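Novice: Input upload-v7.pdb, format and content: PDB, C-alpha atoms and all ligand atoms.
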```pdb
ATOM      1  CA  MET Q  14      28.071  46.554  -1.943
ATOM      2  CA  PHE Q  15      29.336  50.118  -1.620
ATOM      3  CA  GLN Q  16      28.256  52.967  -3.909
ATOM      4  CA  PRO Q  17      30.364  56.140  -4.016
ATOM      5  CA  ILE Q  18      28.896  59.481  -2.951
ATOM      6  CA  VAL Q  19      30.728  62.203  -4.839
ATOM      7  CA  ARG Q  20      31.372  65.906  -4.147
ATOM      8  CA  LEU Q  21      29.926  67.939  -7.002
ATOM      9  CA  ALA Q  22      32.556  70.667  -6.592
ATOM     10  CA  ASP Q  23      35.499  68.506  -7.654
ATOM     11  CA  ASP Q  24      34.267  64.965  -8.410
ATOM     12  CA  SER Q  25      36.117  63.589  -5.369
ATOM     13  CA  ILE Q  26      34.650  60.691  -3.392
ATOM     14  CA  ALA Q  27      33.224  61.860  -0.061
ATOM     15  CA  GLY Q  28      31.964  58.477   1.081
ATOM     16  CA  PHE Q  29      30.059  55.319   0.219
ATOM     17  CA  GLU Q  30      26.568  53.970   0.881
ATOM     18  CA  THR Q  31      26.364  50.348   2.012
ATOM     19  CA  LEU Q  32      23.736  48.464  -0.024
ATOM     20  CA  ALA Q  33      22.819  44.958   1.108
ATOM     21  CA  ARG Q  34      22.897  42.063  -1.371
ATOM     22  CA  PHE Q  35      21.546  38.523  -0.994
ATOM     23  CA  ASN Q  36      22.857  35.836  -3.325
ATOM     24  CA  SER Q  37      20.803  32.703  -2.815
ATOM     25  CA  GLU Q  38      21.753  29.360  -4.328
ATOM     26  CA  ILE Q  39      18.110  28.652  -5.022
ATOM     27  CA  LEU Q  40      16.732  32.096  -5.857
ATOM     28  CA  GLY Q  41      19.759  33.770  -7.391
ATOM     29  CA  ASN Q  42      20.287  37.475  -6.678
ATOM     30  CA  VAL Q  43      17.410  38.715  -4.540
ATOM     31  CA  PRO Q  44      17.103  42.543  -4.430
ATOM     32  CA  PRO Q  45      16.974  44.284  -1.008
ATOM     33  CA  SER Q  46      13.500  45.637  -1.794
ATOM     34  CA  GLU Q  47      12.391  41.977  -1.554
ATOM     35  CA  PHE Q  48      14.505  40.446   1.207
ATOM     36  CA  ILE Q  49      14.581  43.391   3.681
ATOM     37  CA  PRO Q  50      10.754  43.358   4.159
ATOM     38  CA  VAL Q  51      10.856  39.560   4.626
ATOM     39  CA  ALA Q  52      13.670  39.904   7.180
ATOM     40  CA  GLU Q  53      11.555  42.501   9.008
ATOM     41  CA  GLU Q  54       8.481  40.296   8.971
ATOM     42  CA  LYS Q  55      10.395  37.247  10.227
ATOM     43  CA  GLN Q  56      12.149  39.254  12.972
ATOM     44  CA  LEU Q  57      15.522  38.637  11.364
ATOM     45  CA  ILE Q  58      16.206  42.289  10.580
ATOM     46  CA  VAL Q  59      18.076  43.053  13.814
ATOM     47  CA  ALA Q  60      20.590  40.229  13.343
ATOM     48  CA  LEU Q  61      20.881  40.921   9.615
ATOM     49  CA  SER Q  62      21.432  44.639  10.197
ATOM     50  CA  LYS Q  63      24.155  43.997  12.745
ATOM     51  CA  LYS Q  64      25.914  41.942  10.109
ATOM     52  CA  ILE Q  65      25.527  44.723   7.532
ATOM     53  CA  ILE Q  66      26.770  47.374   9.991
ATOM     54  CA  ARG Q  67      29.781  45.160  10.779
ATOM     55  CA  HIS Q  68      30.578  45.026   7.033
ATOM     56  CA  ALA Q  69      30.339  48.825   6.892
ATOM     57  CA  LEU Q  70      32.683  49.170   9.894
ATOM     58  CA  GLU Q  71      35.164  46.717   8.353
ATOM     59  CA  PHE Q  72      35.066  48.824   5.203
ATOM     60  CA  ILE Q  73      35.775  52.001   7.237
ATOM     61  CA  MET Q  74      38.769  50.229   8.825
ATOM     62  CA  LEU Q  75      40.020  49.241   5.380
ATOM     63  CA  LEU Q  76      39.627  52.812   4.075
ATOM     64  CA  GLU Q  77      41.590  54.100   7.077
ATOM     65  CA  LYS Q  78      44.312  51.535   6.415
ATOM     66  CA  GLU Q  79      44.518  52.755   2.817
ATOM     67  CA  GLY Q  80      44.940  56.353   3.967
ATOM     68  CA  ALA Q  81      41.465  57.424   2.835
ATOM     69  CA  ASP Q  82      40.491  58.176   6.421
ATOM     70  CA  GLU Q  83      38.341  61.235   5.754
ATOM     71  CA  LEU Q  84      35.635  59.213   3.978
ATOM     72  CA  THR Q  85      32.271  58.372   5.548
ATOM     73  CA  VAL Q  86      30.237  55.199   5.094
ATOM     74  CA  SER Q  87      26.419  55.190   5.240
ATOM     75  CA  VAL Q  88      24.127  52.376   6.284
ATOM     76  CA  ASN Q  89      20.358  52.118   5.838
ATOM     77  CA  ILE Q  90      18.460  51.730   9.105
ATOM     78  CA  SER Q  91      14.895  50.465   9.097
ATOM     79  CA  ALA Q  92      12.178  51.729  11.447
ATOM     80  CA  ILE Q  93      12.029  48.452  13.380
ATOM     81  CA  GLN Q  94      15.729  48.766  14.179
ATOM     82  CA  LEU Q  95      15.723  52.440  15.094
ATOM     83  CA  LEU Q  96      12.692  52.122  17.373
ATOM     84  CA  ARG Q  97      14.286  49.354  19.441
ATOM     85  CA  GLU Q  98      15.250  50.528  22.890
ATOM     86  CA  GLU Q  99      18.735  48.993  22.564
ATOM     87  CA  PHE Q 100      19.556  50.573  19.187
ATOM     88  CA  VAL Q 101      21.611  53.556  20.396
ATOM     89  CA  GLY Q 102      23.562  51.506  22.956
ATOM     90  CA  ASP Q 103      24.188  48.691  20.464
ATOM     91  CA  ILE Q 104      25.545  50.949  17.732
ATOM     92  CA  ILE Q 105      27.811  52.798  20.191
ATOM     93  CA  ASP Q 106      29.158  49.396  21.361
ATOM     94  CA  LEU Q 107      29.782  48.376  17.746
ATOM     95  CA  VAL Q 108      31.848  51.443  16.772
ATOM     96  CA  GLN Q 109      33.796  51.110  20.028
ATOM     97  CA  GLU Q 110      34.498  47.457  19.296
ATOM     98  CA  TYR Q 111      36.056  48.480  15.956
ATOM     99  CA  ALA Q 112      37.723  51.577  17.494
ATOM    100  CA  ILE Q 113      36.053  53.733  14.838
ATOM    101  CA  SER Q 114      35.101  57.359  15.363
ATOM    102  CA  PRO Q 115      31.272  57.568  15.155
ATOM    103  CA  ASP Q 116      31.446  60.539  12.764
ATOM    104  CA  LYS Q 117      32.667  58.131  10.062
ATOM    105  CA  LEU Q 118      29.286  56.386  10.099
ATOM    106  CA  VAL Q 119      26.181  57.950   8.523
ATOM    107  CA  LEU Q 120      22.815  56.465   9.467
ATOM    108  CA  GLU Q 121      20.219  56.770   6.690
ATOM    109  CA  ILE Q 122      16.576  56.741   7.692
ATOM    110  CA  THR Q 123      13.711  57.288   5.286
ATOM    111  CA  GLU Q 124      11.512  60.349   5.401
ATOM    112  CA  SER Q 125       8.414  58.144   5.638
ATOM    113  CA  MET Q 126       9.612  56.866   9.034
ATOM    114  CA  LEU Q 127       9.339  60.436  10.346
ATOM    115  CA  ALA Q 128       5.787  60.770   9.128
ATOM    116  CA  GLN Q 129       4.768  57.931  11.435
ATOM    117  CA  ASN Q 130       6.740  58.438  14.658
ATOM    118  CA  TYR Q 131       8.071  61.954  14.398
ATOM    119  CA  SER Q 132       8.858  62.866  18.025
ATOM    120  CA  GLU Q 133      10.131  59.486  19.068
ATOM    121  CA  ILE Q 134      12.394  59.232  16.031
ATOM    122  CA  ASN Q 135      13.650  62.812  16.183
ATOM    123  CA  ASP Q 136      14.575  62.309  19.861
ATOM    124  CA  LYS Q 137      16.531  59.188  18.896
ATOM    125  CA  LEU Q 138      18.268  61.114  16.104
ATOM    126  CA  SER Q 139      19.292  63.748  18.622
ATOM    127  CA  LEU Q 140      20.804  61.067  20.904
ATOM    128  CA  LEU Q 141      22.669  59.563  17.945
ATOM    129  CA  GLN Q 142      23.974  62.962  16.794
ATOM    130  CA  ASN Q 143      25.132  63.762  20.323
ATOM    131  CA  ALA Q 144      27.001  60.450  20.337
ATOM    132  CA  GLY Q 145      28.809  61.665  17.179
ATOM    133  CA  PHE Q 146      26.986  59.791  14.398
ATOM    134  CA  ARG Q 147      25.806  61.631  11.279
ATOM    135  CA  ILE Q 148      22.244  61.314  10.077
ATOM    136  CA  ALA Q 149      20.772  61.399   6.560
ATOM    137  CA  ILE Q 150      17.097  61.590   5.596
ATOM    138  CA  ASP Q 151      16.644  59.166   2.705
ATOM    139  CA  ASP Q 152      14.092  59.292  -0.133
ATOM    140  CA  PHE Q 153      13.370  62.914   0.721
ATOM    141  CA  GLY Q 154      10.302  64.413  -0.922
ATOM    142  CA  THR Q 155       8.311  61.193  -1.114
ATOM    143  CA  GLY Q 156       7.609  60.455   2.551
ATOM    144  CA  TYR Q 157       4.839  62.908   3.490
ATOM    145  CA  SER Q 158       6.696  64.332   6.482
ATOM    146  CA  SER Q 159       5.764  67.831   7.548
ATOM    147  CA  LEU Q 160       7.594  70.856   6.171
ATOM    148  CA  ALA Q 161       6.692  72.727   9.351
ATOM    149  CA  ARG Q 162       8.765  70.284  11.390
ATOM    150  CA  GLU Q 163      11.605  70.131   8.878
ATOM    151  CA  SER Q 164      13.612  72.830  10.648
ATOM    152  CA  GLU Q 165      13.608  70.906  13.934
ATOM    153  CA  LEU Q 166      15.086  67.793  12.385
ATOM    154  CA  ASN Q 167      18.307  66.560  13.952
ATOM    155  CA  VAL Q 168      19.961  65.573  10.671
ATOM    156  CA  ASN Q 169      23.097  66.383   8.673
ATOM    157  CA  TYR Q 170      22.115  65.340   5.143
ATOM    158  CA  ILE Q 171      18.998  65.347   3.000
ATOM    159  CA  LYS Q 172      19.000  62.766   0.198
ATOM    160  CA  ILE Q 173      16.714  63.906  -2.602
ATOM    161  CA  ASP Q 174      14.802  60.965  -4.016
ATOM    162  CA  LYS Q 175      15.535  59.787  -7.555
ATOM    163  CA  TYR Q 176      11.981  60.787  -8.495
ATOM    164  CA  PHE Q 177      13.045  64.481  -8.485
ATOM    165  CA  ILE Q 178      16.157  63.648 -10.494
ATOM    166  CA  ASP Q 179      14.215  61.716 -13.147
ATOM    167  CA  LYS Q 180      11.856  64.706 -13.482
ATOM    168  CA  LEU Q 181      14.799  66.737 -14.772
ATOM    169  CA  LEU Q 182      14.789  64.645 -17.938
ATOM    170  CA  LEU Q 183      11.109  65.168 -18.656
ATOM    171  CA  TYR Q 184      10.341  68.765 -17.801
ATOM    172  CA  ASP Q 185      11.710  72.287 -18.240
ATOM    173  CA  GLU Q 186      13.620  73.822 -15.363
ATOM    174  CA  ASP Q 187      10.738  76.086 -14.409
ATOM    175  CA  GLN Q 188       8.412  73.097 -14.031
ATOM    176  CA  VAL Q 189      10.463  71.173 -11.438
ATOM    177  CA  VAL Q 190      11.029  71.915  -7.743
ATOM    178  CA  THR Q 191      14.357  70.085  -7.349
ATOM    179  CA  SER Q 192      16.336  73.337  -7.028
ATOM    180  CA  GLU Q 193      13.859  74.579  -4.404
ATOM    181  CA  ILE Q 194      14.404  71.407  -2.351
ATOM    182  CA  ILE Q 195      18.149  72.088  -2.480
ATOM    183  CA  SER Q 196      17.857  75.707  -1.364
ATOM    184  CA  MET Q 197      15.301  74.858   1.348
ATOM    185  CA  SER Q 198      17.581  72.136   2.747
ATOM    186  CA  HIS Q 199      20.559  74.506   2.736
ATOM    187  CA  LYS Q 200      18.561  77.185   4.538
ATOM    188  CA  LEU Q 201      17.699  74.652   7.211
ATOM    189  CA  GLY Q 202      21.367  73.774   7.602
ATOM    190  CA  HIS Q 203      21.518  70.398   5.870
ATOM    191  CA  TYR Q 204      23.897  69.159   3.177
ATOM    192  CA  VAL Q 205      22.156  67.822   0.076
ATOM    193  CA  VAL Q 206      22.832  64.518  -1.682
ATOM    194  CA  ALA Q 207      21.033  63.820  -4.974
ATOM    195  CA  GLU Q 208      20.348  60.152  -5.732
ATOM    196  CA  GLY Q 209      20.081  58.193  -8.950
ATOM    197  CA  ILE Q 210      22.099  60.481 -11.248
ATOM    198  CA  GLU Q 211      22.403  58.692 -14.588
ATOM    199  CA  TYR Q 212      22.938  61.522 -17.115
ATOM    200  CA  SER Q 213      25.320  64.473 -17.335
ATOM    201  CA  CYS Q 214      22.438  66.896 -17.915
ATOM    202  CA  GLN Q 215      21.141  65.968 -14.422
ATOM    203  CA  LYS Q 216      24.581  66.590 -12.958
ATOM    204  CA  GLU Q 217      24.818  69.967 -14.709
ATOM    205  CA  TYR Q 218      21.456  71.063 -13.294
ATOM    206  CA  LEU Q 219      22.552  70.010  -9.787
ATOM    207  CA  MET Q 220      25.847  71.909 -10.137
ATOM    208  CA  LYS Q 221      23.988  75.005 -11.269
ATOM    209  CA  TYR Q 222      21.784  74.873  -8.146
ATOM    210  CA  ASN Q 223      24.631  74.144  -5.709
ATOM    211  CA  CYS Q 224      23.776  70.614  -4.692
ATOM    212  CA  ASP Q 225      26.624  69.275  -2.500
ATOM    213  CA  PHE Q 226      26.874  65.577  -3.396
ATOM    214  CA  ILE Q 227      25.651  63.133  -6.029
ATOM    215  CA  GLN Q 228      25.243  59.376  -6.099
ATOM    216  CA  GLY Q 229      24.325  57.381  -9.167
ATOM    217  CA  TYR Q 230      25.301  55.173 -12.075
ATOM    218  CA  LEU Q 231      26.777  58.176 -13.950
ATOM    219  CA  PHE Q 232      29.722  58.074 -11.555
ATOM    220  CA  SER Q 233      29.568  54.459 -10.385
ATOM    221  CA  LYS Q 234      27.274  51.524  -9.665
ATOM    222  CA  PRO Q 235      27.530  49.878  -6.231
ATOM    223  CA  LEU Q 236      30.907  48.090  -5.964
ATOM    224  CA  SER Q 237      32.442  45.237  -4.012
ATOM    225  CA  MET Q 238      34.769  46.247  -1.161
ATOM    226  CA  SER Q 239      37.869  45.514  -3.250
ATOM    227  CA  ASP Q 240      36.589  47.371  -6.334
ATOM    228  CA  ALA Q 241      35.658  50.332  -4.129
ATOM    229  CA  ILE Q 242      39.241  50.440  -2.822
ATOM    230  CA  LEU Q 243      40.596  50.311  -6.395
ATOM    231  CA  LEU Q 244      38.361  53.241  -7.325
ATOM    232  CA  ILE Q 245      39.607  55.230  -4.321
ATOM    233  CA  LYS Q 246      43.200  54.675  -5.372
ATOM    234  CA  LYS Q 247      42.347  55.971  -8.842
ATOM    235  CA  ASN Q 248      40.235  58.892  -7.572
ATOM    236  CA  HIS Q 249      42.486  59.951  -4.667
ATOM    237  CA  PRO Q 250      46.056  58.987  -5.595
ATOM    238  CA  ASP Q 251      47.435  61.418  -2.968
ATOM    239  CA  ALA Q 252      45.356  60.088  -0.094
ATOM    240  CA  TYR Q 253      46.593  56.577  -0.744
ATOM    241  CA  THR Q 254      49.635  55.995   1.427
ATOM    242  CA  ALA Q 255      50.171  52.237   1.543
TER     243      ALA Q 255
HETATM  244  P1  LIG J 301      18.009  53.403  -1.206
HETATM  245  O1  LIG J 301      18.542  53.498   0.175
HETATM  246  O2  LIG J 301      17.245  54.569  -1.731
HETATM  247  O3  LIG J 301      19.260  53.058  -2.129
HETATM  248  C1  LIG J 301      19.441  53.554  -3.416
HETATM  249  C2  LIG J 301      19.064  52.526  -4.451
HETATM  250  O4  LIG J 301      19.182  53.099  -5.759
HETATM  251  C3  LIG J 301      19.982  51.311  -4.460
HETATM  252  O5  LIG J 301      19.189  50.196  -4.849
HETATM  253  C4  LIG J 301      20.989  51.679  -5.547
HETATM  254  O6  LIG J 301      21.637  50.542  -6.105
HETATM  255  C5  LIG J 301      20.060  52.328  -6.551
HETATM  256  N1  LIG J 301      20.762  53.270  -7.430
HETATM  257  C6  LIG J 301      21.859  54.013  -7.174
HETATM  258  N2  LIG J 301      22.175  54.786  -8.225
HETATM  259  C7  LIG J 301      21.256  54.543  -9.179
HETATM  260  C8  LIG J 301      21.049  55.051 -10.516
HETATM  261  O7  LIG J 301      21.781  55.893 -11.021
HETATM  262  N3  LIG J 301      19.959  54.540 -11.183
HETATM  263  C9  LIG J 301      19.134  53.601 -10.658
HETATM  264  N4  LIG J 301      18.115  53.178 -11.389
HETATM  265  N5  LIG J 301      19.290  53.119  -9.398
HETATM  266  C10 LIG J 301      20.350  53.582  -8.686
HETATM  267  P2  LIG J 301      19.263  48.812  -4.083
HETATM  268  O8  LIG J 301      20.687  48.505  -3.721
HETATM  269  O9  LIG J 301      18.505  47.827  -4.901
HETATM  270  O10 LIG J 301      18.500  49.102  -2.732
HETATM  271  C11 LIG J 301      17.115  49.364  -2.732
HETATM  272  C12 LIG J 301      16.631  49.774  -1.374
HETATM  273  O11 LIG J 301      16.747  48.698  -0.430
HETATM  274  C13 LIG J 301      17.454  50.898  -0.773
HETATM  275  O12 LIG J 301      17.042  52.106  -1.344
HETATM  276  C14 LIG J 301      17.116  50.750   0.696
HETATM  277  O13 LIG J 301      15.881  51.346   0.988
HETATM  278  C15 LIG J 301      16.964  49.249   0.842
HETATM  279  N6  LIG J 301      18.215  48.710   1.423
HETATM  280  C16 LIG J 301      19.381  48.384   0.824
HETATM  281  N7  LIG J 301      20.280  47.935   1.713
HETATM  282  C17 LIG J 301      19.669  47.993   2.919
HETATM  283  C18 LIG J 301      20.083  47.659   4.267
HETATM  284  O14 LIG J 301      21.220  47.254   4.531
HETATM  285  N8  LIG J 301      19.151  47.854   5.267
HETATM  286  C19 LIG J 301      17.898  48.341   5.006
HETATM  287  N9  LIG J 301      17.066  48.505   6.042
HETATM  288  N10 LIG J 301      17.484  48.652   3.770
HETATM  289  C20 LIG J 301      18.353  48.480   2.735
HETATM  290 CA    CA J 302      19.693  54.842   1.330
HETATM  291 CA    CA J 303      17.067  56.688  -1.345
END
```
In structure tokens, write the structure found in this file.
Specialist:
Amino acid sequence: MFQPIVRLADDSIAGFETLARFNSEILGNVPPSEFIPVAEEKQLIVALSKKIIRHALEFIMLLEKEGADELTVSVNISAIQLLREEFVGDIIDLVQEYAISPDKLVLEITESMLAQNYSEINDKLSLLQNAGFRIAIDDFGTGYSSLARESELNVNYIKIDKYFIDKLLLYDEDQVVTSEIISMSHKLGHYVVAEGIEYSCQKEYLMKYNCDFIQGYLFSKPLSMSDAILLIKKNHPDAYTA
């Protein structure tokens, strides 16, 4: 599925995050929080991820065909994948196979991955950025990475975890640090995406504190490829050329 990531300035769609789904005949709809760890444990994650990345690249091709060629598509990358020696070469081969510019693809890695293998991972991120890919730190604020090393991170986007967005519903503005995370990330040169926006009051807070992008049910749930294209046509009538 593909969930829109929206510019706060004008409500336009900037891109989509690819979210894996597993519909089993026996088990029904299994959430990724359950099947991704199993795939990792059973050494199926590499093959599964290639399949997911291929879906993301097919979606980018479709967006380009529809004239919405400025949009990016994100994919979630697990530690096991990123730490493989072949990862950088494999992902370069994949975008070349689809003739897609690497800057259309955003690789999301969780902050907790950095806490464990900081130097190794940051070096990989630098290689990926030099190859043209964009990088997002996912679940930011929950992963115990070091603030001291934050400024050296080779990343383009910080995705603030839903935890800090939910807090906005429960506490007064002066009791939450969400706005400080936004200004810190901006000072360090990263764009900020806020995740899990469900209510307009959360959106208003984020606008007030100059967050760049939002993602959440308030704008849209994750969509099938065809529904995502329909939404684009509605949201960007001018970009749509076909
Ligand atoms: P994530 O990367 O933090 O993805 C965001 C999750 O929040 C998604 O759950 C999304 O459907 C959900 N979400 C988005 N907006 C809202 C909202 O407004 N309210 C609420 N309550 N939830 C919202 P999902 O799709 O169940 O994915 C869960 C996690 O599974 C992801 O968290 C990610 O860590 C992992 N995952 C999903 N797809 C993949 C994949 O292809 N590869 C890997 N390695 N992990 C994946
Ligand atoms: Ca993510
Ligand atoms: Ca997240």
Novice: Produce as a PyMOL selection string the set of residues near ligand CA 302 (chain J), where near means within 7 Å with all atoms listed in the file considered.
Specialist: chain Q and resi 30+89+121+151
Novice: Please find the residues contacting ligand CA 303 (chain J) at a distance of at most 10 Å between atoms, with only C-alpha atoms and all ligand atoms counted, and report them as a ChimeraX atom specification.
Specialist: /Q:89,121-124,149-153,155,171-176,206-209,228
Novice: May I have the residues within 10 Å of Q:Val101 as a list in words, using all atoms listed in the file and disregarding those fewer than 6 positions away in the same chain?
Specialist: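 Returned residues: Gln94, Leu95, Lys137, Leu138, Leu140, Leu141 and Ala144 of chain Q.
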Novice: Can you work out which one of Q:Gln109, Q:Ile66, Q:Glu79, Q:Asn36 has the shortest atom-to-atom distance to Q:Ile245, counting all atoms listed in the file?
Specialist: Q:Glu79
Novice: Please find the residues contacting ligand LIG 301 (chain J) at a distance of at most 7 Å between atoms, with all atoms listed in the file counted, and report them as a PyMOL selection string.
Specialist: chain Q and resi 31-33+44-46+49+62+65+88-91+151-152+208-211+228-231+234-235
Novice: What does the distance between atom CA of Q:Ser198 and atom CA of Q:Arg97 come to in Å, to one decimal place?
Specialist: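 Distance between the two atoms: 28.4 Å.
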Novice: Tell me, counting only C-alpha atoms, for each residue of stretch 114-221 of chain Q within 12 Å of stretch 70-74 of chain Q, which pair of atoms is nearest and how far apart they are in Å to one decimal, in rows ordered by chain and increasing number, as JSON lines.
Specialist:
```
{"residue": "Q:Ser114", "atom": "CA", "partner": "Q:Ile73", "partner_atom": "CA", "distance": 9.8}
{"residue": "Q:Pro115", "atom": "CA", "partner": "Q:Leu70", "partner_atom": "CA", "distance": 10.0}
{"residue": "Q:Asp116", "atom": "CA", "partner": "Q:Ile73", "partner_atom": "CA", "distance": 11.1}
{"residue": "Q:Lys117", "atom": "CA", "partner": "Q:Ile73", "partner_atom": "CA", "distance": 7.4}
{"residue": "Q:Leu118", "atom": "CA", "partner": "Q:Leu70", "partner_atom": "CA", "distance": 8.0}
{"residue": "Q:Val119", "atom": "CA", "partner": "Q:Leu70", "partner_atom": "CA", "distance": 11.0}
```
Novice: Based on the selection just made, write C-alpha atoms of those residues as a PDB file, in the coordinates of the input.
Specialist:
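So the final result, stored in part-v8.pdb, reads:
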```
ATOM      1  CA  SER Q 114      35.101  57.359  15.363  1.00  0.00           C
ATOM      2  CA  PRO Q 115      31.272  57.568  15.155  1.00  0.00           C
ATOM      3  CA  ASP Q 116      31.446  60.539  12.764  1.00  0.00           C
ATOM      4  CA  LYS Q 117      32.667  58.131  10.062  1.00  0.00           C
ATOM      5  CA  LEU Q 118      29.286  56.386  10.099  1.00  0.00           C
ATOM      6  CA  VAL Q 119      26.181  57.950   8.523  1.00  0.00           C
TER       7      VAL Q 119
END
```
Novice: State, in Å with one decimal place, the distance from atom CA of Q:Val189 to atom CA of Q:Phe177.
Specialist: 7.8 Å
Novice: Fewer than 4 positions away in the same chain doesn't count, so skip those; otherwise give me all residues within 8 Å of Q:Asn169, counting only C-alpha atoms, as a VMD selection string.
Specialist: chain Q and resid 147 to 149 202 to 204
